[in-house]
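Participant: Input file: model-v5.cif. Contents: mmCIF, C-alpha atoms.
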data_protein
loop_
_atom_site.label_atom_id
_atom_site.label_comp_id
_atom_site.auth_asym_id
_atom_site.auth_seq_id
_atom_site.Cartn_x
_atom_site.Cartn_y
_atom_site.Cartn_z
CA MET M 1172 -3.43 -6.34 33.82
CA SER M 1173 -4.39 -2.85 32.71
CA GLN M 1174 -4.33 -1.76 36.34
CA VAL M 1175 -0.83 -3.08 36.79
CA ARG M 1176 0.30 -1.29 33.67
CA LYS M 1177 -1.37 1.93 34.67
CA GLY M 1178 1.09 4.44 35.95
CA ILE M 1179 4.07 3.11 34.05
CA GLU M 1180 2.72 4.18 30.73
CA ASN M 1181 1.26 7.47 29.69
CA MET M 1182 1.15 8.47 26.09
CA LEU M 1183 3.64 10.22 23.90
CA THR M 1184 2.63 12.57 21.13
CA LYS M 1185 4.92 14.27 18.64
CA ASN M 1186 4.56 16.01 15.32
CA PHE M 1187 6.91 15.45 12.42
CA VAL M 1188 7.19 16.73 8.87
CA MET M 1189 7.01 14.14 6.11
CA ASN M 1190 9.90 14.90 3.80
CA CYS M 1191 9.83 11.92 1.49
CA ALA M 1192 9.53 13.04 -2.12
CA GLU M 1193 6.34 11.15 -2.76
CA GLY M 1194 4.87 11.28 0.71
CA PHE M 1195 3.78 8.12 2.45
CA HIS M 1196 4.01 5.78 -0.48
CA LEU M 1197 4.75 2.09 -0.20
CA ARG M 1198 8.46 2.25 0.66
CA PRO M 1199 8.32 4.54 3.71
CA ALA M 1200 5.22 2.69 4.88
CA GLN M 1201 7.09 -0.59 4.64
CA VAL M 1202 10.12 0.79 6.46
CA LEU M 1203 7.94 2.15 9.25
CA MET M 1204 5.93 -1.03 9.59
CA GLU M 1205 9.07 -3.11 9.88
CA LYS M 1206 10.47 -0.77 12.50
CA ALA M 1207 7.21 -0.52 14.45
CA THR M 1208 6.21 -4.17 14.55
CA PRO M 1209 8.69 -5.40 17.22
CA PHE M 1210 7.47 -2.79 19.71
CA GLN M 1211 4.74 -3.73 22.09
CA SER M 1212 3.40 -0.17 22.05
CA ARG M 1213 0.50 0.96 19.93
CA ILE M 1214 1.85 3.46 17.40
CA MET M 1215 -0.70 5.58 15.59
CA LEU M 1216 -0.09 8.15 12.86
CA GLY M 1217 -2.19 10.66 11.05
CA LYS M 1218 -2.61 14.20 9.89
CA PRO M 1219 -3.44 16.19 13.06
CA GLY M 1220 -7.13 16.01 13.83
CA GLN M 1221 -7.83 13.54 11.08
CA GLU M 1222 -8.17 9.84 10.65
CA GLU M 1223 -5.24 7.86 12.05
CA ALA M 1224 -3.66 4.59 11.09
CA ASP M 1225 -1.70 1.89 12.85
CA ALA M 1226 2.02 2.06 12.07
CA LYS M 1227 1.99 -1.72 11.88
CA SER M 1228 -0.38 -1.63 8.88
CA ILE M 1229 1.10 -0.72 5.52
CA LEU M 1230 -2.26 -0.29 3.87
CA GLY M 1231 -3.45 1.88 6.73
CA LEU M 1232 -0.40 4.11 6.43
CA MET M 1233 -0.73 4.51 2.68
CA SER M 1234 -4.42 5.24 2.90
CA LEU M 1235 -3.68 8.36 4.97
CA GLY M 1236 -2.53 10.10 1.79
CA ILE M 1237 0.21 12.03 3.56
CA GLU M 1238 2.17 14.11 1.06
CA GLN M 1239 5.59 15.70 1.15
CA GLY M 1240 5.74 18.65 3.53
CA GLU M 1241 2.71 17.64 5.55
CA ILE M 1242 2.65 17.38 9.34
CA VAL M 1243 2.24 13.92 10.79
CA GLU M 1244 1.08 13.45 14.34
CA VAL M 1245 2.45 10.34 16.03
CA VAL M 1246 0.89 8.93 19.19
CA VAL M 1247 2.65 6.11 21.00
CA GLU M 1248 1.26 4.26 23.96
CA GLY M 1249 2.64 1.22 25.73
CA ARG M 1250 5.39 -0.21 27.85
CA ASP M 1251 8.17 0.61 25.38
CA GLU M 1252 6.72 3.89 24.16
CA THR M 1253 9.90 5.92 24.73
CA GLU M 1254 11.99 3.57 22.61
CA ALA M 1255 9.24 3.29 20.00
CA MET M 1256 8.91 7.07 19.68
CA ALA M 1257 12.70 7.40 19.37
CA ALA M 1258 12.69 4.84 16.57
CA VAL M 1259 9.91 6.66 14.73
CA GLU M 1260 11.66 9.99 15.19
CA LYS M 1261 14.82 8.58 13.67
CA LEU M 1262 12.93 7.42 10.60
CA PHE M 1263 11.49 10.88 10.00
CA GLU M 1264 14.95 12.41 10.51
CA THR M 1265 16.53 10.07 7.99
CA ASN M 1266 13.67 10.33 5.48
CA PHE M 1267 12.87 6.66 5.90
CA GLY M 1268 16.14 5.78 4.22
CA GLU M 1269 15.28 7.54 0.96
CA MET G 43 -9.89 10.21 -9.85
CA ASN G 44 -11.65 6.89 -10.05
CA ILE G 45 -9.36 3.99 -10.76
CA ALA G 46 -12.07 2.36 -12.84
CA ASP G 47 -11.50 5.16 -15.38
CA ILE G 48 -7.94 4.06 -15.96
CA MET G 49 -8.68 0.35 -15.99
CA ASP G 50 -10.10 -1.51 -18.91
CA LYS G 51 -11.29 -4.99 -19.79
CA ASN G 52 -8.34 -5.22 -22.19
CA ILE G 53 -5.90 -5.08 -19.32
CA ILE G 54 -7.68 -7.37 -16.90
CA PHE G 55 -6.14 -10.81 -17.13
CA LEU G 56 -7.97 -13.72 -15.60
CA ASP G 57 -6.49 -17.12 -14.96
CA LEU G 58 -3.09 -15.84 -15.96
CA ALA G 59 -0.57 -18.65 -16.07
CA ALA G 60 2.76 -17.48 -14.69
CA ALA G 61 5.55 -19.51 -13.14
CA ASP G 62 6.82 -16.72 -10.92
CA ARG G 63 6.69 -13.03 -10.12
CA ASP G 64 8.77 -11.95 -13.12
CA ALA G 65 6.73 -14.03 -15.52
CA ALA G 66 3.50 -12.56 -14.14
CA VAL G 67 4.74 -8.98 -14.54
CA GLU G 68 6.03 -9.67 -18.05
CA ALA G 69 2.81 -11.27 -19.19
CA MET G 70 0.81 -8.32 -17.85
CA ILE G 71 3.09 -5.81 -19.56
CA ASP G 72 2.77 -7.72 -22.83
CA GLY G 73 -0.99 -7.36 -22.53
CA MET G 74 -0.72 -3.67 -21.70
CA PHE G 75 1.51 -3.22 -24.73
CA ARG G 76 -0.97 -4.97 -27.01
CA GLY G 77 -3.72 -2.79 -25.60
CA GLY G 78 -1.75 0.35 -26.51
CA TYR G 79 -1.11 1.48 -22.96
CA ILE G 80 2.62 1.06 -23.24
CA LEU G 81 4.91 2.68 -25.78
CA ASP G 82 8.15 1.03 -24.80
CA ARG G 83 7.75 -2.40 -23.29
CA GLU G 84 11.37 -2.81 -22.19
CA LYS G 85 11.60 0.61 -20.58
CA TYR G 86 8.51 0.10 -18.51
CA LEU G 87 9.48 -3.43 -17.57
CA SER G 88 12.85 -2.28 -16.29
CA ALA G 89 11.21 0.50 -14.23
CA VAL G 90 8.89 -2.05 -12.61
CA ARG G 91 11.77 -4.43 -11.98
CA GLU G 92 13.95 -1.73 -10.52
CA ARG G 93 11.18 -0.73 -8.14
CA GLU G 94 10.66 -4.33 -7.14
CA SER G 95 14.37 -4.75 -6.44
CA LYS G 96 14.21 -1.93 -3.87
CA GLY G 97 11.65 -3.79 -1.81
CA THR G 98 8.71 -6.02 -2.43
CA THR G 99 5.34 -4.69 -3.49
CA GLY G 100 3.65 -7.76 -2.04
CA ILE G 101 1.53 -5.94 0.52
CA GLY G 102 0.07 -9.06 2.06
CA PHE G 103 -3.35 -10.77 1.86
CA GLY G 104 -2.27 -12.40 -1.41
CA VAL G 105 -2.14 -9.04 -3.19
CA ALA G 106 0.76 -7.28 -4.89
CA ILE G 107 0.84 -3.78 -6.33
CA PRO G 108 3.94 -3.55 -8.53
CA HIS G 109 4.38 -0.19 -10.18
CA GLY G 110 6.69 1.79 -12.38
CA LYS G 111 7.08 5.36 -13.54
CA SER G 112 8.48 5.45 -17.02
CA ASP G 113 8.28 7.38 -20.25
CA GLY G 114 7.59 3.99 -21.78
CA VAL G 115 4.04 4.44 -20.43
CA ARG G 116 1.59 6.39 -22.57
CA LYS G 117 -0.92 7.39 -19.87
CA PRO G 118 -1.72 6.39 -16.29
CA CYS G 119 -3.24 2.92 -16.18
CA VAL G 120 -3.83 0.02 -13.85
CA ALA G 121 -3.76 -3.55 -15.09
CA PHE G 122 -5.08 -6.39 -13.01
CA ALA G 123 -4.33 -10.08 -13.04
CA LYS G 124 -5.70 -13.04 -11.21
CA LEU G 125 -3.05 -15.72 -11.33
CA LYS G 126 -3.89 -19.30 -12.09
CA LYS G 127 -1.43 -20.40 -9.43
CA PRO G 128 -0.26 -18.16 -6.55
CA VAL G 129 3.39 -17.13 -6.84
CA ASP G 130 5.99 -16.09 -4.31
CA TRP G 131 6.34 -12.31 -4.00
CA ASN G 132 8.38 -11.97 -0.78
CA SER G 133 5.22 -10.54 0.72
CA PHE G 134 5.21 -8.86 4.11
CA ASP G 135 3.00 -11.57 5.54
CA GLY G 136 4.75 -14.40 3.70
CA LYS G 137 1.62 -15.27 1.70
CA LYS G 138 1.83 -16.13 -1.97
CA VAL G 139 0.22 -13.70 -4.38
CA SER G 140 -2.69 -14.42 -6.67
CA ASN G 141 -4.10 -10.91 -7.24
CA VAL G 142 -1.87 -8.35 -8.92
CA PHE G 143 -2.52 -4.67 -9.60
CA LEU G 144 0.17 -3.33 -11.94
CA ILE G 145 0.33 0.46 -12.01
CA GLY G 146 1.83 2.34 -14.93
CA VAL G 147 2.44 6.07 -14.86
CA PRO G 148 4.38 8.20 -17.38
CA GLU G 149 7.65 9.62 -16.09
CA LYS G 150 6.52 13.16 -16.73
CA ASN G 151 3.31 13.00 -14.79
CA ALA G 152 2.20 16.44 -13.69
CA GLY G 153 -0.17 15.35 -10.97
CA ASN G 154 0.73 12.85 -8.35
CA ASP G 155 -1.27 10.11 -10.04
CA HIS G 156 1.08 7.37 -9.01
CA LEU G 157 0.54 8.12 -5.34
CA LYS G 158 -3.17 8.80 -5.76
CA ILE G 159 -3.63 5.36 -7.27
CA LEU G 160 -1.69 3.70 -4.45
CA ILE G 161 -3.73 5.55 -1.84
CA ALA G 162 -7.03 4.67 -3.47
CA LEU G 163 -6.13 1.01 -3.76
CA SER G 164 -4.85 0.87 -0.18
CA LYS G 165 -8.08 2.34 1.13
CA LYS G 166 -10.06 -0.43 -0.45
CA LEU G 167 -7.65 -3.26 0.23
CA MET G 168 -7.72 -2.44 3.94
CA HIS G 169 -11.26 -3.74 4.05
CA GLU G 170 -11.70 -7.44 4.41
CA ASP G 171 -14.95 -7.27 2.48
CA PHE G 172 -13.19 -5.78 -0.54
CA ARG G 173 -10.45 -8.41 -0.39
CA GLU G 174 -13.00 -11.19 -0.18
CA ARG G 175 -14.91 -9.86 -3.17
CA LEU G 176 -11.66 -9.54 -5.07
CA GLU G 177 -10.82 -13.12 -4.25
CA GLN G 178 -14.23 -14.28 -5.44
CA ALA G 179 -14.38 -12.19 -8.60
CA VAL G 180 -14.57 -14.37 -11.68
CA THR G 181 -15.16 -12.10 -14.65
CA ALA G 182 -13.63 -8.83 -15.82
CA ASP G 183 -17.00 -7.20 -15.13
CA ASP G 184 -16.86 -8.42 -11.51
CA ILE G 185 -13.46 -6.81 -11.15
CA LEU G 186 -14.50 -3.55 -12.79
CA SER G 187 -17.66 -3.15 -10.75
CA LEU G 188 -15.69 -3.83 -7.59
CA ILE G 189 -13.05 -1.30 -8.63
CA GLU G 190 -15.67 1.28 -9.44
CA SER G 191 -16.11 1.63 -5.72
CA VAL G 192 -12.48 2.79 -5.43
CA GLU G 193 -12.28 6.55 -5.48
CA ALA G 194 -9.43 8.92 -4.80
#
As structure tokens, please, write out the structure in this file.

Facilitator:
Amino acid sequence: MSQVRKGIENMLTKNFVMNCAEGFHLRPAQVLMEKATPFQSRIMLGKPGQEEADAKSILGLMSLGIEQGEIVEVVVEGRDETEAMAAVEKLFETNFGE
Amino acid sequence: MNIADIMDKNIIFLDLAAADRDAAVEAMIDGMFRGGYILDREKYLSAVRERESKGTTGIGFGVAIPHGKSDGVRKPCVAFAKLKKPVDWNSFDGKKVSNVFLIGVPEKNAGNDHLKILIALSKKLMHEDFRERLEQAVTADDILSLIESVEA
């Protein structure tokens, strides 16, 4: 299976700035988890070079301790990675609906 | 900050009887008020309710972390309740809640205590071992010693 999938997926990486007033608190984490869950791709977030968390885990996201103004590195890998990255990008652009 | 420093036996409620989410939160706030952690019961209650109306704080695994920033709160504190009967909390995983951490932070809070507390709790709750020990905790001392391992 992994051989079949090889070649159609690579890996997307982008950096975003967290602009939510209180950083990655429960609300943005919830919004992201809900958005990320339907995608097949693995979506990982973290401060660059530091511990990362699965976008589908609220507790994981909150434990990152990302504060307002900090850079967040997003790595997406999977069949629908382009769509998944676009969805994540939109959330950062719209401040997670805050 | 260690969360154990802002918790206290007085605001750990075991076997709390509550019919639903609102009743659980109210009973906890009553206890926090009696313990002197809350100045204005109504103000804090409405802050917690308002937050809850924006989206559930039921983070799954039978745990909820309701919270409110309000000048009805004297100083940062975390109350804990183990409910006699699990109640519906619209949790992300659909599970009913039996363990509640209620966070109170004054409106004019210089540091980012509110977030620090959430982060510290999340870090622990991520671990299955912590959740199991929380589930099994029987006394206030069990809870406090478990919480003492939560640092932020």

Participant: Using only C-alpha atoms, find the residues of chain G whose closest atom to chain M is at most 6 Å away, then write them as a count of residues only.

Facilitator: 4

Participant: Point out the residue among M:Met1189, M:Arg1213, M:Met1182, M:Ala1200 with the least atom-to-atom distance to Glu1260 in chain M, counting only C-alpha atoms.

Facilitator: M:Met1189

Participant: How far is it from CA of Thr1253 in chain M to CA of Asp135 in chain G, in Å with one decimal?

Facilitator: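 Interatomic distance, CA of Thr1253 in chain M to CA of Asp135 in chain G: 26.9 Å.
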
Participant: Taking the file as shown, what set of residues would the PyMOL selection byres ((chain M and resi 1220) around 12) give back, as number ranges by chain?

Facilitator: M: 1186, 1216-1219, 1221-1223, 1242-1246

Participant: Go through M:Ala1192, M:Phe1210, M:Asn1181, M:Phe1267 and flag the residue nearest Ala1255 in chain M, using only C-alpha atoms for the distances.

Facilitator: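 When distances to Ala1255 in chain M are compared using only C-alpha atoms, the smallest one comes from M:Phe1210.
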
Participant: Please write as a compact mmCIF listing (two decimals) with C-alpha atoms, in the frame of the given file the full residue list that the PyMOL selection byres ((chain G and resi 101) around 8) yields on this file.

Facilitator:
# COMPACT_ATOMS: atom_id res chain seq x y z
CA ILE M 1229 1.10 -0.72 5.52
CA LEU M 1230 -2.26 -0.29 3.87
CA THR G 98 8.71 -6.02 -2.43
CA THR G 99 5.34 -4.69 -3.49
CA GLY G 100 3.65 -7.76 -2.04
CA GLY G 102 0.07 -9.06 2.06
CA PHE G 103 -3.35 -10.77 1.86
CA GLY G 104 -2.27 -12.40 -1.41
CA VAL G 105 -2.14 -9.04 -3.19
CA ALA G 106 0.76 -7.28 -4.89
CA ILE G 107 0.84 -3.78 -6.33
CA SER G 133 5.22 -10.54 0.72
CA PHE G 134 5.21 -8.86 4.11
CA ASP G 135 3.00 -11.57 5.54

Participant: Determine the residue membership of the PyMOL selection byres ((chain G and resi 75) around 12) for the file above and supply it as a list in words.

Facilitator: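 Given this file, the PyMOL selection byres ((chain G and resi 75) around 12) evaluates to Asn52, Ile53, Glu68, Ala69, Met70, Ile71, Asp72, Gly73, Met74, Arg76, Gly77, Gly78, Tyr79, Ile80, Leu81, Asp82, Arg83, Glu84, Lys85, Tyr86, Leu87, Gly114, Val115, Arg116, Lys117, Cys119, Ala121 and Gly146 of chain G.
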
Participant: Edge lengths and centre in Å to one decimal, as JSON, of the axis-aligned box that encloses all listed atoms of range 1210-1214 of chain M with 8 Å added on every side?

Facilitator:
{"center_x": 4.0, "center_y": -0.1, "center_z": 19.7, "size_x": 23.0, "size_y": 23.2, "size_z": 20.7}

Participant: Would you compute the distance between CA of Glu92 in chain G and CA of His156 in chain G? Give it in Å to one decimal.

Facilitator: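 So the two atoms, CA of Glu92 in chain G and CA of His156 in chain G, lie 15.8 Å apart.
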
Participant: Work out how far CA of Met1215 in chain M is from CA of Lys1185 in chain M, in Å to one decimal.

Facilitator: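 Between CA of Lys1185 in chain M and CA of Met1215 in chain M the gap works out to 10.8 Å.
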
Participant: With only C-alpha atoms as the counted atoms, please give the residues lying no more than 12 Å from Phe172 in chain G, apart from itself and same-chain residues fewer than 3 positions off, as an MDAnalysis selection string.

Facilitator: chainID G and resid 103 105 163:169 175:179 184:185 187:192
